[in-house]
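File shown here: work-v9.json, holding JSON, N, CA and C atoms.
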```
[["chain", "number", "residue", "atom", "x", "y", "z"],
["A", 1, "MET", "N", -31.96, 20.31, -22.35],
["A", 1, "MET", "CA", -32.58, 20.72, -21.11],
["A", 1, "MET", "C", -31.93, 22.00, -20.61],
["A", 2, "ALA", "N", -32.73, 22.97, -20.27],
["A", 2, "ALA", "CA", -32.22, 24.25, -19.76],
["A", 2, "ALA", "C", -32.27, 24.26, -18.24],
["A", 3, "PHE", "N", -31.27, 24.86, -17.63],
["A", 3, "PHE", "CA", -31.18, 24.95, -16.18],
["A", 3, "PHE", "C", -31.27, 26.40, -15.75],
["A", 4, "ASP", "N", -31.55, 26.62, -14.49],
["A", 4, "ASP", "CA", -31.63, 27.97, -13.95],
["A", 4, "ASP", "C", -30.29, 28.67, -14.15],
["A", 5, "SER", "N", -30.33, 29.81, -14.80],
["A", 5, "SER", "CA", -29.09, 30.55, -15.04],
["A", 5, "SER", "C", -29.10, 31.90, -14.33],
["A", 6, "SER", "N", -29.95, 32.02, -13.33],
["A", 6, "SER", "CA", -30.06, 33.30, -12.62],
["A", 6, "SER", "C", -29.03, 33.46, -11.50],
["A", 7, "TRP", "N", -28.25, 32.42, -11.23],
["A", 7, "TRP", "CA", -27.25, 32.51, -10.16],
["A", 7, "TRP", "C", -26.07, 33.38, -10.58],
["A", 8, "ASP", "N", -25.41, 33.94, -9.59],
["A", 8, "ASP", "CA", -24.30, 34.87, -9.80],
["A", 8, "ASP", "C", -22.98, 34.13, -9.99],
["A", 9, "VAL", "N", -22.47, 34.15, -11.18],
["A", 9, "VAL", "CA", -21.21, 33.49, -11.51],
["A", 9, "VAL", "C", -20.06, 34.04, -10.66],
["A", 10, "ASP", "N", -20.07, 35.33, -10.41],
["A", 10, "ASP", "CA", -18.96, 35.99, -9.73],
["A", 10, "ASP", "C", -18.77, 35.56, -8.28],
["A", 11, "LYS", "N", -19.77, 34.91, -7.70],
["A", 11, "LYS", "CA", -19.61, 34.46, -6.32],
["A", 11, "LYS", "C", -18.60, 33.32, -6.21],
["A", 12, "TYR", "N", -18.21, 32.75, -7.34],
["A", 12, "TYR", "CA", -17.26, 31.64, -7.34],
["A", 12, "TYR", "C", -15.81, 32.07, -7.53],
["A", 13, "ARG", "N", -15.57, 33.35, -7.58],
["A", 13, "ARG", "CA", -14.19, 33.81, -7.66],
["A", 13, "ARG", "C", -13.53, 33.66, -6.30],
["A", 14, "SER", "N", -12.37, 33.03, -6.31],
["A", 14, "SER", "CA", -11.60, 32.85, -5.09],
["A", 14, "SER", "C", -10.91, 34.17, -4.74],
["A", 15, "GLU", "N", -10.78, 34.43, -3.46],
["A", 15, "GLU", "CA", -10.19, 35.68, -2.98],
["A", 15, "GLU", "C", -8.77, 35.91, -3.51],
["A", 16, "HIS", "N", -8.00, 34.84, -3.67],
["A", 16, "HIS", "CA", -6.60, 34.98, -4.07],
["A", 16, "HIS", "C", -6.36, 34.53, -5.52],
["A", 17, "GLU", "N", -7.41, 34.41, -6.28],
["A", 17, "GLU", "CA", -7.28, 33.95, -7.67],
["A", 17, "GLU", "C", -6.79, 35.08, -8.57],
["A", 18, "TYR", "N", -5.83, 34.77, -9.42],
["A", 18, "TYR", "CA", -5.34, 35.76, -10.38],
["A", 18, "TYR", "C", -6.47, 36.19, -11.30],
["A", 19, "GLU", "N", -6.44, 37.44, -11.71],
["A", 19, "GLU", "CA", -7.50, 37.98, -12.57],
["A", 19, "GLU", "C", -7.64, 37.19, -13.87],
["A", 20, "ASP", "N", -6.52, 36.89, -14.53],
["A", 20, "ASP", "CA", -6.61, 36.16, -15.80],
["A", 20, "ASP", "C", -7.11, 34.73, -15.61],
["A", 21, "HIS", "N", -6.78, 34.11, -14.47],
["A", 21, "HIS", "CA", -7.29, 32.77, -14.18],
["A", 21, "HIS", "C", -8.80, 32.83, -13.96],
["A", 22, "TRP", "N", -9.23, 33.84, -13.19],
["A", 22, "TRP", "CA", -10.66, 33.98, -12.95],
["A", 22, "TRP", "C", -11.41, 34.24, -14.25],
["A", 23, "GLN", "N", -10.91, 35.12, -15.10],
["A", 23, "GLN", "CA", -11.59, 35.43, -16.35],
["A", 23, "GLN", "C", -11.72, 34.19, -17.23],
["A", 24, "PHE", "N", -10.71, 33.34, -17.18],
["A", 24, "PHE", "CA", -10.72, 32.09, -17.94],
["A", 24, "PHE", "C", -11.84, 31.18, -17.44],
["A", 25, "ARG", "N", -11.90, 30.97, -16.13],
["A", 25, "ARG", "CA", -12.97, 30.13, -15.55],
["A", 25, "ARG", "C", -14.33, 30.79, -15.73],
["A", 26, "ARG", "N", -14.40, 32.11, -15.54],
["A", 26, "ARG", "CA", -15.66, 32.84, -15.65],
["A", 26, "ARG", "C", -16.25, 32.70, -17.05],
["A", 27, "GLN", "N", -15.40, 32.81, -18.05],
["A", 27, "GLN", "CA", -15.84, 32.67, -19.44],
["A", 27, "GLN", "C", -16.50, 31.30, -19.65],
["A", 28, "PHE", "N", -15.92, 30.27, -19.10],
["A", 28, "PHE", "CA", -16.48, 28.92, -19.19],
["A", 28, "PHE", "C", -17.83, 28.86, -18.49],
["A", 29, "LEU", "N", -17.91, 29.40, -17.28],
["A", 29, "LEU", "CA", -19.15, 29.39, -16.51],
["A", 29, "LEU", "C", -20.28, 30.11, -17.25],
["A", 30, "VAL", "N", -19.99, 31.28, -17.76],
["A", 30, "VAL", "CA", -21.00, 32.07, -18.46],
["A", 30, "VAL", "C", -21.46, 31.37, -19.73],
["A", 31, "ALA", "N", -20.52, 30.79, -20.46],
["A", 31, "ALA", "CA", -20.85, 30.13, -21.73],
["A", 31, "ALA", "C", -21.80, 28.95, -21.55],
["A", 32, "HIS", "N", -21.73, 28.30, -20.40],
["A", 32, "HIS", "CA", -22.51, 27.06, -20.19],
["A", 32, "HIS", "C", -23.48, 27.14, -19.01],
["A", 33, "GLN", "N", -23.75, 28.34, -18.55],
["A", 33, "GLN", "CA", -24.56, 28.53, -17.36],
["A", 33, "GLN", "C", -25.96, 27.91, -17.45],
["A", 34, "ASP", "N", -26.52, 27.85, -18.63],
["A", 34, "ASP", "CA", -27.88, 27.32, -18.78],
["A", 34, "ASP", "C", -27.91, 25.84, -19.18],
["A", 35, "LYS", "N", -26.73, 25.22, -19.28],
["A", 35, "LYS", "CA", -26.65, 23.83, -19.77],
["A", 35, "LYS", "C", -26.46, 22.78, -18.68],
["A", 36, "PHE", "N", -26.06, 23.20, -17.49],
["A", 36, "PHE", "CA", -25.77, 22.27, -16.40],
["A", 36, "PHE", "C", -26.28, 22.84, -15.09],
["A", 37, "PRO", "N", -26.54, 21.98, -14.12],
["A", 37, "PRO", "CA", -26.85, 22.49, -12.79],
["A", 37, "PRO", "C", -25.64, 23.27, -12.25],
["A", 38, "GLU", "N", -25.90, 24.24, -11.42],
["A", 38, "GLU", "CA", -24.86, 25.14, -10.91],
["A", 38, "GLU", "C", -23.67, 24.38, -10.32],
["A", 39, "ASP", "N", -23.92, 23.44, -9.43],
["A", 39, "ASP", "CA", -22.81, 22.75, -8.77],
["A", 39, "ASP", "C", -21.96, 21.93, -9.75],
["A", 40, "ARG", "N", -22.60, 21.31, -10.71],
["A", 40, "ARG", "CA", -21.85, 20.52, -11.71],
["A", 40, "ARG", "C", -21.02, 21.43, -12.60],
["A", 41, "LEU", "N", -21.58, 22.57, -13.01],
["A", 41, "LEU", "CA", -20.86, 23.48, -13.88],
["A", 41, "LEU", "C", -19.64, 24.08, -13.18],
["A", 42, "VAL", "N", -19.78, 24.40, -11.92],
["A", 42, "VAL", "CA", -18.64, 24.93, -11.15],
["A", 42, "VAL", "C", -17.52, 23.90, -11.12],
["A", 43, "CYS", "N", -17.86, 22.65, -10.93],
["A", 43, "CYS", "CA", -16.85, 21.58, -10.95],
["A", 43, "CYS", "C", -16.22, 21.43, -12.32],
["A", 44, "LEU", "N", -17.04, 21.47, -13.37],
["A", 44, "LEU", "CA", -16.51, 21.35, -14.73],
["A", 44, "LEU", "C", -15.59, 22.52, -15.07],
["A", 45, "ALA", "N", -15.93, 23.71, -14.60],
["A", 45, "ALA", "CA", -15.08, 24.88, -14.85],
["A", 45, "ALA", "C", -13.72, 24.71, -14.17],
["A", 46, "GLN", "N", -13.71, 24.13, -12.98],
["A", 46, "GLN", "CA", -12.44, 23.89, -12.29],
["A", 46, "GLN", "C", -11.63, 22.82, -13.02],
["A", 47, "VAL", "N", -12.30, 21.80, -13.52],
["A", 47, "VAL", "CA", -11.62, 20.76, -14.30],
["A", 47, "VAL", "C", -11.02, 21.37, -15.56],
["A", 48, "PHE", "N", -11.79, 22.22, -16.23],
["A", 48, "PHE", "CA", -11.32, 22.93, -17.42],
["A", 48, "PHE", "C", -10.04, 23.71, -17.10],
["A", 49, "PHE", "N", -10.06, 24.45, -16.00],
["A", 49, "PHE", "CA", -8.89, 25.20, -15.57],
["A", 49, "PHE", "C", -7.72, 24.27, -15.29],
["A", 50, "ASN", "N", -7.98, 23.19, -14.55],
["A", 50, "ASN", "CA", -6.91, 22.26, -14.18],
["A", 50, "ASN", "C", -6.24, 21.64, -15.41],
["A", 51, "ILE", "N", -7.02, 21.34, -16.41],
["A", 51, "ILE", "CA", -6.48, 20.76, -17.64],
["A", 51, "ILE", "C", -5.62, 21.78, -18.36],
["A", 52, "GLU", "N", -6.15, 22.97, -18.55],
["A", 52, "GLU", "CA", -5.46, 24.00, -19.34],
["A", 52, "GLU", "C", -4.25, 24.60, -18.64],
["A", 53, "PHE", "N", -4.35, 24.86, -17.34],
["A", 53, "PHE", "CA", -3.27, 25.55, -16.64],
["A", 53, "PHE", "C", -2.31, 24.61, -15.91],
["A", 54, "LEU", "N", -2.82, 23.48, -15.44],
["A", 54, "LEU", "CA", -1.99, 22.60, -14.63],
["A", 54, "LEU", "C", -1.60, 21.31, -15.34],
["A", 55, "GLY", "N", -2.19, 21.07, -16.51],
["A", 55, "GLY", "CA", -1.87, 19.87, -17.26],
["A", 55, "GLY", "C", -2.46, 18.60, -16.68],
["A", 56, "CYS", "N", -3.49, 18.73, -15.86],
["A", 56, "CYS", "CA", -4.12, 17.55, -15.26],
["A", 56, "CYS", "C", -4.81, 16.70, -16.31],
["A", 57, "GLN", "N", -4.93, 15.43, -16.02],
["A", 57, "GLN", "CA", -5.66, 14.51, -16.90],
["A", 57, "GLN", "C", -6.74, 13.82, -16.09],
["A", 58, "TYR", "N", -7.83, 13.54, -16.75],
["A", 58, "TYR", "CA", -9.00, 12.91, -16.13],
["A", 58, "TYR", "C", -9.42, 11.73, -16.98],
["A", 59, "PRO", "N", -10.39, 10.95, -16.51],
["A", 59, "PRO", "CA", -10.89, 9.84, -17.33],
["A", 59, "PRO", "C", -11.35, 10.34, -18.70],
["A", 60, "LYS", "N", -11.24, 9.47, -19.70],
["A", 60, "LYS", "CA", -11.53, 9.85, -21.09],
["A", 60, "LYS", "C", -12.88, 10.52, -21.26],
["A", 61, "LYS", "N", -13.89, 10.02, -20.59],
["A", 61, "LYS", "CA", -15.24, 10.58, -20.71],
["A", 61, "LYS", "C", -15.25, 12.06, -20.28],
["A", 62, "VAL", "N", -14.56, 12.36, -19.20],
["A", 62, "VAL", "CA", -14.48, 13.74, -18.70],
["A", 62, "VAL", "C", -13.66, 14.60, -19.66],
["A", 63, "MET", "N", -12.53, 14.07, -20.11],
["A", 63, "MET", "CA", -11.69, 14.82, -21.05],
["A", 63, "MET", "C", -12.45, 15.14, -22.33],
["A", 64, "ASP", "N", -13.23, 14.18, -22.83],
["A", 64, "ASP", "CA", -14.02, 14.40, -24.04],
["A", 64, "ASP", "C", -15.07, 15.48, -23.82],
["A", 65, "LEU", "N", -15.73, 15.45, -22.67],
["A", 65, "LEU", "CA", -16.75, 16.46, -22.37],
["A", 65, "LEU", "C", -16.12, 17.85, -22.29],
["A", 66, "ILE", "N", -15.00, 17.97, -21.60],
["A", 66, "ILE", "CA", -14.34, 19.26, -21.46],
["A", 66, "ILE", "C", -13.84, 19.75, -22.82],
["A", 67, "GLU", "N", -13.35, 18.84, -23.64],
["A", 67, "GLU", "CA", -12.89, 19.23, -24.98],
["A", 67, "GLU", "C", -14.05, 19.82, -25.78],
["A", 68, "THR", "N", -15.19, 19.19, -25.71],
["A", 68, "THR", "CA", -16.37, 19.69, -26.42],
["A", 68, "THR", "C", -16.81, 21.05, -25.88],
["A", 69, "LEU", "N", -16.87, 21.17, -24.56],
["A", 69, "LEU", "CA", -17.33, 22.41, -23.94],
["A", 69, "LEU", "C", -16.34, 23.56, -24.10],
["A", 70, "SER", "N", -15.08, 23.24, -24.28],
["A", 70, "SER", "CA", -14.06, 24.30, -24.36],
["A", 70, "SER", "C", -13.79, 24.80, -25.77],
["A", 71, "GLU", "N", -14.48, 24.22, -26.74],
["A", 71, "GLU", "CA", -14.26, 24.66, -28.13],
["A", 71, "GLU", "C", -14.46, 26.17, -28.24],
["A", 72, "GLY", "N", -13.42, 26.84, -28.73],
["A", 72, "GLY", "CA", -13.47, 28.28, -28.91],
["A", 72, "GLY", "C", -13.14, 29.09, -27.67],
["A", 73, "LEU", "N", -13.17, 28.48, -26.50],
["A", 73, "LEU", "CA", -12.91, 29.22, -25.27],
["A", 73, "LEU", "C", -11.43, 29.30, -24.92],
["A", 74, "ALA", "N", -10.68, 28.28, -25.25],
["A", 74, "ALA", "CA", -9.27, 28.23, -24.86],
["A", 74, "ALA", "C", -8.33, 28.53, -26.02],
["A", 75, "ASP", "N", -8.86, 28.88, -27.17],
["A", 75, "ASP", "CA", -8.02, 29.10, -28.34],
["A", 75, "ASP", "C", -6.98, 30.20, -28.13],
["A", 76, "ASP", "N", -7.38, 31.33, -27.56],
["A", 76, "ASP", "CA", -6.45, 32.43, -27.33],
["A", 76, "ASP", "C", -5.34, 32.01, -26.37],
["A", 77, "LEU", "N", -5.72, 31.34, -25.30],
["A", 77, "LEU", "CA", -4.73, 30.89, -24.32],
["A", 77, "LEU", "C", -3.73, 29.94, -24.95],
["A", 78, "ARG", "N", -4.23, 28.98, -25.70],
["A", 78, "ARG", "CA", -3.34, 28.00, -26.34],
["A", 78, "ARG", "C", -2.41, 28.67, -27.35],
["A", 79, "GLU", "N", -2.91, 29.67, -28.06],
["A", 79, "GLU", "CA", -2.09, 30.38, -29.04],
["A", 79, "GLU", "C", -0.97, 31.15, -28.34],
["A", 80, "LYS", "N", -1.26, 31.78, -27.23],
["A", 80, "LYS", "CA", -0.25, 32.53, -26.47],
["A", 80, "LYS", "C", 0.83, 31.61, -25.93],
["A", 81, "ARG", "N", 0.47, 30.38, -25.59],
["A", 81, "ARG", "CA", 1.41, 29.44, -24.99],
["A", 81, "ARG", "C", 2.34, 28.76, -25.99],
["A", 82, "LYS", "N", 2.02, 28.81, -27.25],
["A", 82, "LYS", "CA", 2.80, 28.06, -28.25],
["A", 82, "LYS", "C", 4.29, 28.36, -28.17],
["A", 83, "GLY", "N", 4.66, 29.61, -27.99],
["A", 83, "GLY", "CA", 6.07, 29.98, -27.97],
["A", 83, "GLY", "C", 6.71, 29.91, -26.61],
["A", 84, "LYS", "N", 5.96, 29.59, -25.58],
["A", 84, "LYS", "CA", 6.51, 29.57, -24.22],
["A", 84, "LYS", "C", 7.04, 28.20, -23.84],
["A", 85, "LEU", "N", 7.91, 28.21, -22.88],
["A", 85, "LEU", "CA", 8.47, 26.97, -22.33],
["A", 85, "LEU", "C", 7.35, 26.17, -21.68],
["A", 86, "GLN", "N", 7.28, 24.89, -21.97],
["A", 86, "GLN", "CA", 6.26, 24.02, -21.41],
["A", 86, "GLN", "C", 6.87, 23.15, -20.32],
["A", 87, "ARG", "N", 6.11, 22.93, -19.26],
["A", 87, "ARG", "CA", 6.55, 22.03, -18.19],
["A", 87, "ARG", "C", 6.43, 20.59, -18.66],
["A", 88, "THR", "N", 7.38, 19.79, -18.25],
["A", 88, "THR", "CA", 7.33, 18.36, -18.56],
["A", 88, "THR", "C", 7.33, 17.60, -17.25],
["A", 89, "PHE", "N", 6.34, 16.76, -17.09],
["A", 89, "PHE", "CA", 6.25, 15.96, -15.88],
["A", 89, "PHE", "C", 6.77, 14.56, -16.19],
["A", 90, "VAL", "N", 7.56, 14.05, -15.27],
["A", 90, "VAL", "CA", 8.16, 12.73, -15.44],
["A", 90, "VAL", "C", 7.72, 11.86, -14.28],
["A", 91, "ALA", "N", 7.32, 10.65, -14.58],
["A", 91, "ALA", "CA", 6.94, 9.72, -13.52],
["A", 91, "ALA", "C", 8.18, 9.40, -12.68],
["A", 92, "ALA", "N", 7.98, 9.21, -11.40],
["A", 92, "ALA", "CA", 9.09, 8.90, -10.51],
["A", 92, "ALA", "C", 9.83, 7.65, -10.95],
["A", 93, "SER", "N", 9.09, 6.67, -11.45],
["A", 93, "SER", "CA", 9.73, 5.42, -11.90],
["A", 93, "SER", "C", 10.64, 5.67, -13.10],
["A", 94, "ASP", "N", 10.22, 6.57, -13.99],
["A", 94, "ASP", "CA", 11.06, 6.90, -15.15],
["A", 94, "ASP", "C", 12.33, 7.64, -14.71],
["A", 95, "ALA", "N", 12.19, 8.54, -13.76],
["A", 95, "ALA", "CA", 13.35, 9.27, -13.26],
["A", 95, "ALA", "C", 14.33, 8.34, -12.57],
["A", 96, "ALA", "N", 13.81, 7.41, -11.79],
["A", 96, "ALA", "CA", 14.67, 6.45, -11.10],
["A", 96, "ALA", "C", 15.39, 5.55, -12.09],
["A", 97, "GLU", "N", 14.68, 5.14, -13.11],
["A", 97, "GLU", "CA", 15.28, 4.29, -14.15],
["A", 97, "GLU", "C", 16.40, 5.02, -14.88],
["A", 98, "ALA", "N", 16.16, 6.28, -15.22],
["A", 98, "ALA", "CA", 17.16, 7.09, -15.92],
["A", 98, "ALA", "C", 18.40, 7.27, -15.04],
["A", 99, "LYS", "N", 18.18, 7.48, -13.74],
["A", 99, "LYS", "CA", 19.30, 7.66, -12.82],
["A", 99, "LYS", "C", 20.11, 6.37, -12.70],
["A", 100, "ALA", "N", 19.43, 5.23, -12.68],
["A", 100, "ALA", "CA", 20.11, 3.94, -12.56],
["A", 100, "ALA", "C", 20.93, 3.62, -13.81],
["A", 101, "LYS", "N", 20.52, 4.12, -14.94],
["A", 101, "LYS", "CA", 21.23, 3.84, -16.20],
["A", 101, "LYS", "C", 22.48, 4.68, -16.37],
["A", 102, "ARG", "N", 22.66, 5.73, -15.54],
["A", 102, "ARG", "CA", 23.84, 6.61, -15.68],
["A", 102, "ARG", "C", 25.10, 5.91, -15.38]]
```

Kindly present the structure from the file in structure tokens form.
Amino acid sequence: MAFDSSWDVDKYRSEHEYEDHWQFRRQFLVAHQDKFPEDRLVCLAQVFFNIEFLGCQYPKKVMDLIETLSEGLADDLREKRKGKLQRTFVAASDAAEAKAKR
């Protein structure tokens, strides 16, 4: 099913958004502009960004959809990150347990 793709993608750029972050989201929006309703695609693009840049996790169904939609779009970003320091998030319960074992 094709959706209206005549809307302006650039209206969704946030005033304080970094250029590279915007280009990342914009690429996703443009690639799928005719596949989803505008409001749903904008949400999916934000989810895509949150997963790639912030390490967020969503329900499996959402993660699977984003994985499919992001094929080929995030490859350059992931390649650049391979050699960089990665953030590690620890659950508060794990941190408390580790502290108690000291």

message = Need to verify the contact set: Phe3 (chain A), 6 Å, only N, CA and C atoms, exclusion of same-chain residues closer than 2 positions in sequence. Can you return it as a PyMOL selection string?
response = chain A and resi 1+5+33-37

task = Name all residues at most 8 Å from Val42 (chain A) (count all atoms listed in the file; drop same-chain ones fewer than 6 positions away) and give them as a list in words.
result =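 Close residues of Val42 (chain A): Tyr12, Leu29, Phe36 and Phe48 of chain A.
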
task = Quote the spacing between atom C of Arg13 (chain A) and atom N of Phe53 (chain A) in Å to one decimal place.
result =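 Interatomic distance, atom C of Arg13 (chain A) to atom N of Phe53 (chain A): 16.8 Å.
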
query = At what distance in Å, to one decimal, does atom N of Met63 (chain A) lie from atom N of Ala96 (chain A)?
reply = 28.4 Å

message = Which residues are near Val30 (chain A)? Cut-off 12 Å, only C-alpha atoms, ignore same chain within fewer than 4 positions. Put them as an MDAnalysis selection string.
response = chainID A and resid 5:10 12 22:26 34:36 38 41:42 45 69:70 73

ask   = Rounded to one decimal in Å, what is the spacing between CA of Glu52 (chain A) and atom C of His32 (chain A)?
value =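 Pair CA of Glu52 (chain A) / atom C of His32 (chain A) returns 18.3 Å.
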
inquiry  = Going by DSSP on the backbone, which residues of chain A come out as helix (DSSP H, G or I)? List them as a count of residues only.
reply    = 61

ask   = Which is closest to Gln27 (chain A) among A:Leu65, A:Val90, A:Ala98, A:Ala74, if we use only C-alpha atoms?
value =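 Among the listed residues, A:Ala74 lies closest to Gln27 (chain A).
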
task = Determine the nearest neighbour of Val47 (chain A) from the options A:Glu19, A:Lys101, A:Ile66, A:Ala2, counting only N, CA and C atoms.
result =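 Using only N, CA and C atoms, the shortest distance to Val47 (chain A) belongs to A:Ile66.
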
From the structure block, carefully write region 6-98 of chain A out with C-alpha atoms; format it as a PDB file, in the first residue's frame.
```pdb
ATOM      1  CA  SER A   6       4.117  14.809  -0.790  1.00  0.00           C
ATOM      2  CA  TRP A   7       4.716  16.048   2.776  1.00  0.00           C
ATOM      3  CA  ASP A   8       7.900  17.925   3.634  1.00  0.00           C
ATOM      4  CA  VAL A   9      10.327  15.727   5.560  1.00  0.00           C
ATOM      5  CA  ASP A  10      12.411  18.728   6.610  1.00  0.00           C
ATOM      6  CA  LYS A  11       9.629  20.165   8.768  1.00  0.00           C
ATOM      7  CA  TYR A  12      10.486  17.477  11.333  1.00  0.00           C
ATOM      8  CA  ARG A  13      13.984  18.730  12.027  1.00  0.00           C
ATOM      9  CA  SER A  14      14.285  19.930  15.590  1.00  0.00           C
ATOM     10  CA  GLU A  15      15.756  23.406  16.072  1.00  0.00           C
ATOM     11  CA  HIS A  16      18.592  22.120  18.274  1.00  0.00           C
ATOM     12  CA  GLU A  17      19.216  18.804  16.528  1.00  0.00           C
ATOM     13  CA  TYR A  18      22.779  18.075  15.437  1.00  0.00           C
ATOM     14  CA  GLU A  19      23.232  18.005  11.671  1.00  0.00           C
ATOM     15  CA  ASP A  20      24.487  14.408  11.588  1.00  0.00           C
ATOM     16  CA  HIS A  21      21.606  13.257  13.814  1.00  0.00           C
ATOM     17  CA  TRP A  22      19.102  14.991  11.554  1.00  0.00           C
ATOM     18  CA  GLN A  23      20.655  13.518   8.395  1.00  0.00           C
ATOM     19  CA  PHE A  24      20.416  10.072   9.968  1.00  0.00           C
ATOM     20  CA  ARG A  25      16.705  10.465  10.769  1.00  0.00           C
ATOM     21  CA  ARG A  26      16.042  12.258   7.464  1.00  0.00           C
ATOM     22  CA  GLN A  27      17.552   9.388   5.486  1.00  0.00           C
ATOM     23  CA  PHE A  28      15.147   6.993   7.222  1.00  0.00           C
ATOM     24  CA  LEU A  29      12.153   9.269   6.577  1.00  0.00           C
ATOM     25  CA  VAL A  30      12.950   9.703   2.887  1.00  0.00           C
ATOM     26  CA  ALA A  31      13.613   5.988   2.352  1.00  0.00           C
ATOM     27  CA  HIS A  32      10.189   5.005   3.717  1.00  0.00           C
ATOM     28  CA  GLN A  33       8.076   8.079   3.010  1.00  0.00           C
ATOM     29  CA  ASP A  34       5.653   6.219   0.740  1.00  0.00           C
ATOM     30  CA  LYS A  35       5.333   3.101   2.936  1.00  0.00           C
ATOM     31  CA  PHE A  36       3.707   4.478   6.102  1.00  0.00           C
ATOM     32  CA  PRO A  37       1.364   7.257   7.128  1.00  0.00           C
ATOM     33  CA  GLU A  38       3.281  10.433   7.977  1.00  0.00           C
ATOM     34  CA  ASP A  39       2.688  10.348  11.739  1.00  0.00           C
ATOM     35  CA  ARG A  40       3.664   6.680  12.069  1.00  0.00           C
ATOM     36  CA  LEU A  41       6.827   7.129  10.002  1.00  0.00           C
ATOM     37  CA  VAL A  42       7.944  10.105  12.089  1.00  0.00           C
ATOM     38  CA  CYS A  43       7.569   7.948  15.206  1.00  0.00           C
ATOM     39  CA  LEU A  44       9.430   5.043  13.607  1.00  0.00           C
ATOM     40  CA  ALA A  45      12.260   7.373  12.583  1.00  0.00           C
ATOM     41  CA  GLN A  46      12.594   8.546  16.185  1.00  0.00           C
ATOM     42  CA  VAL A  47      12.605   4.936  17.396  1.00  0.00           C
ATOM     43  CA  PHE A  48      15.300   4.153  14.812  1.00  0.00           C
ATOM     44  CA  PHE A  49      17.376   7.051  16.141  1.00  0.00           C
ATOM     45  CA  ASN A  50      16.803   6.040  19.769  1.00  0.00           C
ATOM     46  CA  ILE A  51      17.969   2.497  19.088  1.00  0.00           C
ATOM     47  CA  GLU A  52      21.074   3.481  17.129  1.00  0.00           C
ATOM     48  CA  PHE A  53      22.236   6.502  19.137  1.00  0.00           C
ATOM     49  CA  LEU A  54      20.848   5.937  22.615  1.00  0.00           C
ATOM     50  CA  GLY A  55      20.817   2.151  22.822  1.00  0.00           C
ATOM     51  CA  CYS A  56      17.100   2.017  23.626  1.00  0.00           C
ATOM     52  CA  GLN A  57      15.229  -1.256  23.408  1.00  0.00           C
ATOM     53  CA  TYR A  58      11.605  -1.790  22.447  1.00  0.00           C
ATOM     54  CA  PRO A  59       9.252  -4.767  22.249  1.00  0.00           C
ATOM     55  CA  LYS A  60      10.488  -7.497  19.885  1.00  0.00           C
ATOM     56  CA  LYS A  61       7.895  -6.709  17.218  1.00  0.00           C
ATOM     57  CA  VAL A  62       9.073  -3.076  17.048  1.00  0.00           C
ATOM     58  CA  MET A  63      12.754  -4.054  17.098  1.00  0.00           C
ATOM     59  CA  ASP A  64      12.165  -6.507  14.242  1.00  0.00           C
ATOM     60  CA  LEU A  65      10.359  -3.870  12.170  1.00  0.00           C
ATOM     61  CA  ILE A  66      13.108  -1.291  12.718  1.00  0.00           C
ATOM     62  CA  GLU A  67      15.771  -3.875  11.883  1.00  0.00           C
ATOM     63  CA  THR A  68      14.045  -4.601   8.581  1.00  0.00           C
ATOM     64  CA  LEU A  69      13.518  -0.926   7.748  1.00  0.00           C
ATOM     65  CA  SER A  70      17.061   0.059   8.678  1.00  0.00           C
ATOM     66  CA  GLU A  71      18.802  -2.436   6.406  1.00  0.00           C
ATOM     67  CA  GLY A  72      21.503  -0.519   4.560  1.00  0.00           C
ATOM     68  CA  LEU A  73      20.722   2.778   6.303  1.00  0.00           C
ATOM     69  CA  ALA A  74      22.780   2.381   9.463  1.00  0.00           C
ATOM     70  CA  ASP A  75      25.718   0.442   8.031  1.00  0.00           C
ATOM     71  CA  ASP A  76      28.042   3.466   7.787  1.00  0.00           C
ATOM     72  CA  LEU A  77      27.217   4.596  11.311  1.00  0.00           C
ATOM     73  CA  ARG A  78      27.773   1.133  12.764  1.00  0.00           C
ATOM     74  CA  GLU A  79      31.088   0.807  10.904  1.00  0.00           C
ATOM     75  CA  LYS A  80      32.338   4.140  12.288  1.00  0.00           C
ATOM     76  CA  ARG A  81      31.414   3.091  15.831  1.00  0.00           C
ATOM     77  CA  LYS A  82      33.271  -0.226  15.823  1.00  0.00           C
ATOM     78  CA  GLY A  83      36.512   1.283  17.090  1.00  0.00           C
ATOM     79  CA  LYS A  84      34.941   3.732  19.535  1.00  0.00           C
ATOM     80  CA  LEU A  85      34.292   3.320  23.222  1.00  0.00           C
ATOM     81  CA  GLN A  86      30.790   1.967  23.831  1.00  0.00           C
ATOM     82  CA  ARG A  87      28.586   2.937  26.756  1.00  0.00           C
ATOM     83  CA  THR A  88      27.566   0.151  29.081  1.00  0.00           C
ATOM     84  CA  PHE A  89      24.375   0.448  31.045  1.00  0.00           C
ATOM     85  CA  VAL A  90      24.041  -1.452  34.289  1.00  0.00           C
ATOM     86  CA  ALA A  91      20.803  -2.120  36.107  1.00  0.00           C
ATOM     87  CA  ALA A  92      20.647  -0.501  39.530  1.00  0.00           C
ATOM     88  CA  SER A  93      20.068  -3.899  41.127  1.00  0.00           C
ATOM     89  CA  ASP A  94      23.258  -5.249  39.529  1.00  0.00           C
ATOM     90  CA  ALA A  95      25.264  -2.255  40.736  1.00  0.00           C
ATOM     91  CA  ALA A  96      23.894  -2.625  44.256  1.00  0.00           C
ATOM     92  CA  GLU A  97      24.696  -6.325  44.266  1.00  0.00           C
ATOM     93  CA  ALA A  98      28.262  -5.699  43.082  1.00  0.00           C
TER      94      ALA A  98
END
```
